[in-house]
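upload05.pdb follows (PDB, C-alpha atoms, pLDDT in the B column):
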ATOM      1  CA  MET K 166    -112.418 -51.826 -69.780  1.00 84.00           C
ATOM      2  CA  ILE K 167    -110.364 -48.705 -69.372  1.00 91.00           C
ATOM      3  CA  HIS K 168    -111.049 -45.918 -71.869  1.00 91.00           C
ATOM      4  CA  GLY K 169    -108.837 -43.074 -73.028  1.00 88.00           C
ATOM      5  CA  GLU K 170    -109.616 -40.419 -75.620  1.00 92.00           C
ATOM      6  CA  ARG K 171    -108.748 -42.553 -78.671  1.00 95.00           C
ATOM      7  CA  ILE K 172    -107.967 -45.967 -77.192  1.00 97.00           C
ATOM      8  CA  ARG K 173    -109.315 -48.557 -74.826  1.00 96.00           C
ATOM      9  CA  PHE K 174    -107.681 -51.256 -72.765  1.00 97.00           C
ATOM     10  CA  ARG K 175    -109.276 -54.657 -72.430  1.00 96.00           C
ATOM     11  CA  ARG K 176    -108.029 -58.024 -71.289  1.00 94.00           C
ATOM     12  CA  LEU K 177    -106.039 -60.043 -73.772  1.00 93.00           C
ATOM     13  CA  ASP K 178    -108.045 -62.929 -75.290  1.00 93.00           C
ATOM     14  CA  SER K 179    -106.803 -66.155 -76.842  1.00 93.00           C
ATOM     15  CA  GLU K 180    -108.282 -64.980 -80.166  1.00 95.00           C
ATOM     16  CA  ASP K 181    -105.695 -62.143 -80.148  1.00 95.00           C
ATOM     17  CA  LEU K 182    -102.715 -64.504 -80.118  1.00 94.00           C
ATOM     18  CA  PRO K 183    -102.296 -65.048 -83.897  1.00 94.00           C
ATOM     19  CA  LEU K 184    -101.953 -61.300 -84.406  1.00 94.00           C
ATOM     20  CA  PHE K 185     -99.317 -61.073 -81.676  1.00 92.00           C
ATOM     21  CA  VAL K 186     -97.403 -63.970 -83.251  1.00 93.00           C
ATOM     22  CA  ALA K 187     -97.405 -62.113 -86.581  1.00 93.00           C
ATOM     23  CA  TRP K 188     -96.198 -58.892 -84.929  1.00 91.00           C
ATOM     24  CA  LEU K 189     -93.530 -60.583 -82.816  1.00 91.00           C
ATOM     25  CA  ASN K 190     -92.171 -62.387 -85.853  1.00 90.00           C
ATOM     26  CA  GLU K 191     -91.640 -59.034 -87.571  1.00 88.00           C
ATOM     27  CA  PRO K 192     -87.979 -57.967 -87.048  1.00 84.00           C
ATOM     28  CA  GLN K 193     -88.829 -54.250 -87.003  1.00 85.00           C
ATOM     29  CA  VAL K 194     -91.372 -54.779 -84.191  1.00 84.00           C
ATOM     30  CA  ARG K 195     -89.101 -57.120 -82.215  1.00 81.00           C
ATOM     31  CA  ARG K 196     -86.236 -54.613 -82.378  1.00 81.00           C
ATOM     32  CA  GLY K 197     -87.777 -52.488 -79.604  1.00 78.00           C
ATOM     33  CA  ILE K 198     -88.336 -55.303 -77.110  1.00 82.00           C
ATOM     34  CA  SER K 199     -86.234 -57.993 -75.464  1.00 78.00           C
ATOM     35  CA  MET K 200     -87.270 -60.728 -77.897  1.00 80.00           C
ATOM     36  CA  PHE K 201     -84.580 -61.635 -80.379  1.00 80.00           C
ATOM     37  CA  LEU K 202     -85.945 -64.828 -81.946  1.00 82.00           C
ATOM     38  CA  PRO K 203     -89.184 -65.519 -83.791  1.00 84.00           C
ATOM     39  CA  LEU K 204     -91.830 -67.505 -81.935  1.00 89.00           C
ATOM     40  CA  SER K 205     -94.463 -70.068 -82.809  1.00 91.00           C
ATOM     41  CA  GLN K 206     -98.181 -70.067 -82.149  1.00 92.00           C
ATOM     42  CA  ASP K 207     -97.611 -72.892 -79.641  1.00 93.00           C
ATOM     43  CA  GLU K 208     -95.057 -70.802 -77.723  1.00 92.00           C
ATOM     44  CA  GLU K 209     -97.427 -67.828 -77.625  1.00 92.00           C
ATOM     45  CA  THR K 210    -100.271 -70.088 -76.461  1.00 93.00           C
ATOM     46  CA  SER K 211     -98.053 -71.493 -73.711  1.00 93.00           C
ATOM     47  CA  TRP K 212     -97.123 -67.934 -72.627  1.00 92.00           C
ATOM     48  CA  TYR K 213    -100.829 -66.984 -72.615  1.00 93.00           C
ATOM     49  CA  GLU K 214    -101.790 -69.945 -70.426  1.00 94.00           C
ATOM     50  CA  SER K 215     -99.024 -69.154 -67.916  1.00 93.00           C
ATOM     51  CA  MET K 216    -100.006 -65.467 -67.945  1.00 93.00           C
ATOM     52  CA  LEU K 217    -103.527 -66.413 -66.811  1.00 93.00           C
ATOM     53  CA  GLN K 218    -101.997 -67.829 -63.619  1.00 92.00           C
ATOM     54  CA  ARG K 219    -100.451 -64.476 -62.633  1.00 92.00           C
ATOM     55  CA  PRO K 220    -102.166 -62.012 -60.279  1.00 91.00           C
ATOM     56  CA  VAL K 221    -104.778 -59.989 -62.139  1.00 91.00           C
ATOM     57  CA  GLU K 222    -102.810 -56.710 -61.912  1.00 92.00           C
ATOM     58  CA  GLU K 223     -99.887 -58.358 -63.754  1.00 92.00           C
ATOM     59  CA  ARG K 224    -101.932 -59.503 -66.747  1.00 93.00           C
ATOM     60  CA  PRO K 225    -101.485 -57.418 -69.895  1.00 95.00           C
ATOM     61  CA  PHE K 226    -104.097 -55.234 -71.508  1.00 96.00           C
ATOM     62  CA  SER K 227    -104.780 -55.216 -75.213  1.00 96.00           C
ATOM     63  CA  ILE K 228    -104.766 -51.752 -76.768  1.00 97.00           C
ATOM     64  CA  ASP K 229    -107.658 -51.151 -79.169  1.00 97.00           C
ATOM     65  CA  ILE K 230    -108.564 -48.221 -81.401  1.00 97.00           C
ATOM     66  CA  PRO K 231    -111.978 -47.521 -82.945  1.00 95.00           C
ATOM     67  CA  GLU K 232    -112.462 -48.851 -86.448  1.00 94.00           C
ATOM     68  CA  GLY K 233    -115.818 -48.599 -88.188  1.00 93.00           C
ATOM     69  CA  ASP K 234    -118.469 -49.866 -85.783  1.00 94.00           C
ATOM     70  CA  GLY K 235    -115.955 -51.855 -83.749  1.00 94.00           C
ATOM     71  CA  TRP K 236    -112.444 -51.888 -82.376  1.00 96.00           C
ATOM     72  CA  ARG K 237    -109.059 -52.897 -83.802  1.00 96.00           C
ATOM     73  CA  LEU K 238    -106.212 -54.377 -81.767  1.00 97.00           C
ATOM     74  CA  ILE K 239    -102.926 -52.457 -82.174  1.00 97.00           C
ATOM     75  CA  GLY K 240    -100.776 -53.615 -79.248  1.00 96.00           C
ATOM     76  CA  SER K 241    -100.523 -54.399 -75.562  1.00 96.00           C
ATOM     77  CA  THR K 242     -99.303 -52.915 -72.304  1.00 97.00           C
ATOM     78  CA  SER K 243     -98.709 -54.165 -68.785  1.00 95.00           C
ATOM     79  CA  PHE K 244     -97.089 -53.793 -65.419  1.00 97.00           C
ATOM     80  CA  PHE K 245     -94.823 -56.594 -64.201  1.00 95.00           C
ATOM     81  CA  ASP K 246     -92.150 -57.371 -61.598  1.00 95.00           C
ATOM     82  CA  PHE K 247     -94.241 -55.811 -58.842  1.00 96.00           C
ATOM     83  CA  ASP K 248     -92.488 -54.904 -55.612  1.00 96.00           C
ATOM     84  CA  ARG K 249     -95.476 -54.694 -53.272  1.00 94.00           C
ATOM     85  CA  ARG K 250     -93.547 -53.534 -50.219  1.00 96.00           C
ATOM     86  CA  ASN K 251     -92.136 -50.529 -52.079  1.00 97.00           C
ATOM     87  CA  ARG K 252     -95.233 -50.084 -54.287  1.00 97.00           C
ATOM     88  CA  SER K 253     -93.333 -50.201 -57.570  1.00 98.00           C
ATOM     89  CA  ALA K 254     -93.663 -52.055 -60.863  1.00 98.00           C
ATOM     90  CA  GLU K 255     -92.060 -52.134 -64.283  1.00 97.00           C
ATOM     91  CA  PHE K 256     -93.999 -50.891 -67.306  1.00 97.00           C
ATOM     92  CA  GLY K 257     -94.039 -52.414 -70.768  1.00 95.00           C
ATOM     93  CA  LEU K 258     -95.613 -51.275 -74.023  1.00 96.00           C
ATOM     94  CA  LEU K 259     -95.869 -52.804 -77.491  1.00 94.00           C
ATOM     95  CA  ILE K 260     -97.497 -51.106 -80.460  1.00 95.00           C
ATOM     96  CA  GLY K 261     -97.289 -54.046 -82.820  1.00 93.00           C
ATOM     97  CA  ASP K 262     -99.387 -52.623 -85.659  1.00 94.00           C
ATOM     98  CA  LYS K 263     -96.808 -50.663 -87.669  1.00 92.00           C
ATOM     99  CA  SER K 264     -99.566 -48.873 -89.628  1.00 94.00           C
ATOM    100  CA  VAL K 265    -100.340 -46.767 -86.530  1.00 94.00           C
ATOM    101  CA  TRP K 266     -96.768 -45.973 -85.449  1.00 92.00           C
ATOM    102  CA  ASN K 267     -96.013 -42.266 -84.866  1.00 92.00           C
ATOM    103  CA  GLN K 268     -99.666 -41.340 -84.394  1.00 94.00           C
ATOM    104  CA  GLY K 269     -99.580 -40.725 -80.637  1.00 94.00           C
ATOM    105  CA  TYR K 270    -101.104 -44.027 -79.536  1.00 96.00           C
ATOM    106  CA  GLY K 271     -97.988 -44.985 -77.568  1.00 95.00           C
ATOM    107  CA  THR K 272     -98.087 -41.715 -75.649  1.00 95.00           C
ATOM    108  CA  GLU K 273    -101.801 -42.047 -74.912  1.00 96.00           C
ATOM    109  CA  ALA K 274    -101.376 -45.666 -73.790  1.00 97.00           C
ATOM    110  CA  THR K 275     -98.460 -44.705 -71.537  1.00 96.00           C
ATOM    111  CA  LEU K 276    -100.414 -41.876 -69.902  1.00 95.00           C
ATOM    112  CA  LEU K 277    -103.466 -44.095 -69.411  1.00 96.00           C
ATOM    113  CA  MET K 278    -101.314 -46.783 -67.802  1.00 96.00           C
ATOM    114  CA  LEU K 279     -99.705 -44.225 -65.491  1.00 96.00           C
ATOM    115  CA  GLN K 280    -103.167 -43.112 -64.393  1.00 95.00           C
ATOM    116  CA  HIS K 281    -104.141 -46.752 -63.809  1.00 96.00           C
ATOM    117  CA  GLY K 282    -100.896 -47.511 -61.980  1.00 96.00           C
ATOM    118  CA  PHE K 283    -101.002 -44.560 -59.617  1.00 96.00           C
ATOM    119  CA  ASP K 284    -104.766 -44.090 -59.175  1.00 94.00           C
ATOM    120  CA  THR K 285    -106.006 -47.686 -59.240  1.00 95.00           C
ATOM    121  CA  LEU K 286    -103.058 -49.874 -58.246  1.00 96.00           C
ATOM    122  CA  ASN K 287    -101.680 -47.358 -55.719  1.00 97.00           C
ATOM    123  CA  LEU K 288     -98.135 -47.549 -57.047  1.00 98.00           C
ATOM    124  CA  HIS K 289     -95.483 -45.154 -55.801  1.00 98.00           C
ATOM    125  CA  ARG K 290     -92.888 -45.670 -58.558  1.00 98.00           C
ATOM    126  CA  ILE K 291     -93.150 -46.946 -62.115  1.00 98.00           C
ATOM    127  CA  LEU K 292     -90.002 -47.828 -64.007  1.00 98.00           C
ATOM    128  CA  LEU K 293     -89.108 -48.991 -67.492  1.00 98.00           C
ATOM    129  CA  ARG K 294     -86.189 -49.992 -69.669  1.00 97.00           C
ATOM    130  CA  VAL K 295     -85.709 -48.651 -73.187  1.00 96.00           C
ATOM    131  CA  PHE K 296     -83.033 -49.536 -75.725  1.00 95.00           C
ATOM    132  CA  GLU K 297     -80.717 -46.786 -76.931  1.00 95.00           C
ATOM    133  CA  THR K 298     -81.715 -47.822 -80.460  1.00 92.00           C
ATOM    134  CA  ASN K 299     -85.343 -46.813 -79.810  1.00 92.00           C
ATOM    135  CA  PRO K 300     -85.243 -42.994 -79.487  1.00 92.00           C
ATOM    136  CA  SER K 301     -88.909 -42.602 -80.474  1.00 91.00           C
ATOM    137  CA  ALA K 302     -89.969 -44.724 -77.488  1.00 93.00           C
ATOM    138  CA  ARG K 303     -87.719 -42.708 -75.201  1.00 95.00           C
ATOM    139  CA  ARG K 304     -89.401 -39.487 -76.414  1.00 94.00           C
ATOM    140  CA  VAL K 305     -92.823 -41.014 -75.663  1.00 95.00           C
ATOM    141  CA  TYR K 306     -91.745 -41.836 -72.122  1.00 96.00           C
ATOM    142  CA  GLU K 307     -90.195 -38.403 -71.555  1.00 96.00           C
ATOM    143  CA  LYS K 308     -93.420 -36.728 -72.765  1.00 94.00           C
ATOM    144  CA  ALA K 309     -95.319 -38.819 -70.229  1.00 95.00           C
ATOM    145  CA  GLY K 310     -93.052 -37.623 -67.412  1.00 96.00           C
ATOM    146  CA  PHE K 311     -90.513 -40.424 -67.048  1.00 97.00           C
ATOM    147  CA  ARG K 312     -87.009 -39.319 -66.040  1.00 97.00           C
ATOM    148  CA  HIS K 313     -83.719 -40.932 -66.972  1.00 97.00           C
ATOM    149  CA  GLU K 314     -82.217 -42.704 -63.957  1.00 97.00           C
ATOM    150  CA  GLY K 315     -79.227 -44.422 -65.439  1.00 97.00           C
ATOM    151  CA  THR K 316     -77.802 -46.572 -68.173  1.00 98.00           C
ATOM    152  CA  LEU K 317     -76.987 -50.238 -68.263  1.00 97.00           C
ATOM    153  CA  ARG K 318     -73.993 -49.984 -70.561  1.00 97.00           C
ATOM    154  CA  GLU K 319     -73.789 -52.486 -73.401  1.00 97.00           C
ATOM    155  CA  ALA K 320     -76.328 -54.668 -71.600  1.00 95.00           C
ATOM    156  CA  GLU K 321     -78.170 -56.036 -74.654  1.00 93.00           C
ATOM    157  CA  PHE K 322     -76.727 -57.851 -77.641  1.00 93.00           C
ATOM    158  CA  ALA K 323     -78.763 -56.897 -80.706  1.00 88.00           C
ATOM    159  CA  GLU K 324     -78.065 -57.217 -84.399  1.00 84.00           C
ATOM    160  CA  GLY K 325     -74.398 -58.037 -83.953  1.00 91.00           C
ATOM    161  CA  ARG K 326     -73.465 -55.414 -81.369  1.00 93.00           C
ATOM    162  CA  TYR K 327     -73.972 -54.476 -77.740  1.00 96.00           C
ATOM    163  CA  ILE K 328     -76.350 -51.612 -76.985  1.00 95.00           C
ATOM    164  CA  ASP K 329     -77.169 -49.615 -73.875  1.00 97.00           C
ATOM    165  CA  ILE K 330     -80.418 -49.935 -71.963  1.00 97.00           C
ATOM    166  CA  HIS K 331     -81.716 -46.730 -70.397  1.00 97.00           C
ATOM    167  CA  LEU K 332     -83.562 -46.947 -67.084  1.00 98.00           C
ATOM    168  CA  MET K 333     -86.360 -44.439 -66.595  1.00 98.00           C
ATOM    169  CA  SER K 334     -88.954 -43.913 -63.867  1.00 98.00           C
ATOM    170  CA  ILE K 335     -91.729 -41.674 -62.675  1.00 98.00           C
ATOM    171  CA  LEU K 336     -92.827 -41.182 -59.067  1.00 98.00           C
ATOM    172  CA  GLU K 337     -96.346 -40.760 -57.752  1.00 97.00           C
ATOM    173  CA  SER K 338     -95.576 -37.160 -56.698  1.00 96.00           C
ATOM    174  CA  GLU K 339     -94.294 -36.309 -60.199  1.00 96.00           C
ATOM    175  CA  TRP K 340     -97.445 -37.776 -61.734  1.00 96.00           C
ATOM    176  CA  ALA K 341     -99.646 -35.785 -59.317  1.00 93.00           C
ATOM    177  CA  ALA K 342     -97.835 -32.538 -60.236  1.00 92.00           C
ATOM    178  CA  ARG K 343     -98.551 -33.141 -63.962  1.00 84.00           C
ATOM    179  CA  ARG K 344    -102.306 -33.466 -63.555  1.00 73.00           C
ATOM    180  CA  PRO K 345    -104.525 -30.680 -64.859  1.00 60.00           C
ATOM    181  CA  GLY K 346    -105.179 -28.140 -62.142  1.00 62.00           C
ATOM    182  CA  ALA K 347    -102.272 -29.349 -59.995  1.00 62.00           C
TER     183      ALA K 347
END
Do you think you could lay out the structure here as structure tokens?
Amino acid sequence: MIHGERIRFRRLDSEDLPLFVAWLNEPQVRRGISMFLPLSQDEETSWYESMLQRPVEERPFSIDIPEGDGWRLIGSTSFFDFDRRNRSAEFGLLIGDKSVWNQGYGTEATLLMLQHGFDTLNLHRILLRVFETNPSARRVYEKAGFRHEGTLREAEFAEGRYIDIHLMSILESEWAARRPGA
């Protein structure tokens, strides 16, 4: 497991899937990601089984927060589309539990993943895509040190209109400069 101040990352388990199905069938949650249709438990199970065939560094982490004597699942995060030659990967984050939105868990998860990506996986560049309709996510990524690289204009059709997708990235040197004592 990977521990932060208020969260931990662990590997996704099959027992987590029903909660993800519930989250991903919630229109407000789906609005921030590239899913536009509801999904079934069978589809999520099929995705899970295919995910287990990927290299270990591409498998998502569950994000847990302490609750009572145990832990509560609130979302997931991962790196994907690795470019090993150039040491880069794309970052994804989902806080599916709406009851914990706007409490800083997204920022903490992003920072913990950047530490993992640069210090453990030896990445040089981490990139992400964020919808123009998700300004709170963009603020999270900016706080973590991501910089705007460009815009894919009207690249996503969502809720009856085309929206822009912003490309953001952070480099290993920028991450190193942000560390305490740097």
Next item on the list: Show me as a ChimeraX atom specification the residues that reach within 9 Å of (-83.8, -48.9, -78.2), counting all atoms listed in the file and using the file's own coordinates.
Entry: /K:196-198,294-303,328-331
Next item on the list: Take CA of Phe283 in chain K and CA of Leu332 in chain K and report the distance between them in Å, one decimal.
Entry: 19.1 Å
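If all atoms listed in the file are the atoms counted, then among K:Asp229, K:Glu208, K:Glu191, K:Asp284 the closest residue to Leu177 in chain K is K:Asp229.
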Build an axis-aligned box that encloses every atom of range 199-218 of chain K listed in the file, pad it by 6 Å on each side, and report its centre and edge lengths in Å to one decimal, as AutoDock Vina command-line options.
--center_x -94.1 --center_y -65.4 --center_z -73.7 --size_x 30.9 --size_y 26.9 --size_z 32.2
Checklist line | Nearest to Ile291 in chain K, chosen from K:Ala309, K:Ile167, K:Met216, K:Ala254, with all atoms listed in the file counted in the distances | finding: K:Ala254
Margin query: Let me make sure I understand: among K:Gly325, K:Pro225, K:Pro231, K:Gly269, which one has the smallest atom-to-atom distance to Trp212 in chain K if we use all atoms listed in the file?
Written below: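 Smallest separation from Trp212 in chain K among the options: K:Pro225.
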Check: What does the distance between CA of Gln206 in chain K and CA of Leu184 in chain K come to in Å, to one decimal place?
Finding: 9.8 Å
Checklist line | Expansion of the PyMOL selection byres ((chain K and resi 242) around 7) into residues, as a list in words | finding: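 Residues picked by the PyMOL selection byres ((chain K and resi 242) around 7): Pro225, Phe226, Ser227, Ser241, Ser243, Gly257, Leu258 and Leu259 of chain K.
Take the candidates K:Gly315, K:Gly235, K:Gly282, K:Gly169 and check each one against Leu336 in chain K using only C-alpha atoms; the shortest distance goes to K:Gly282.
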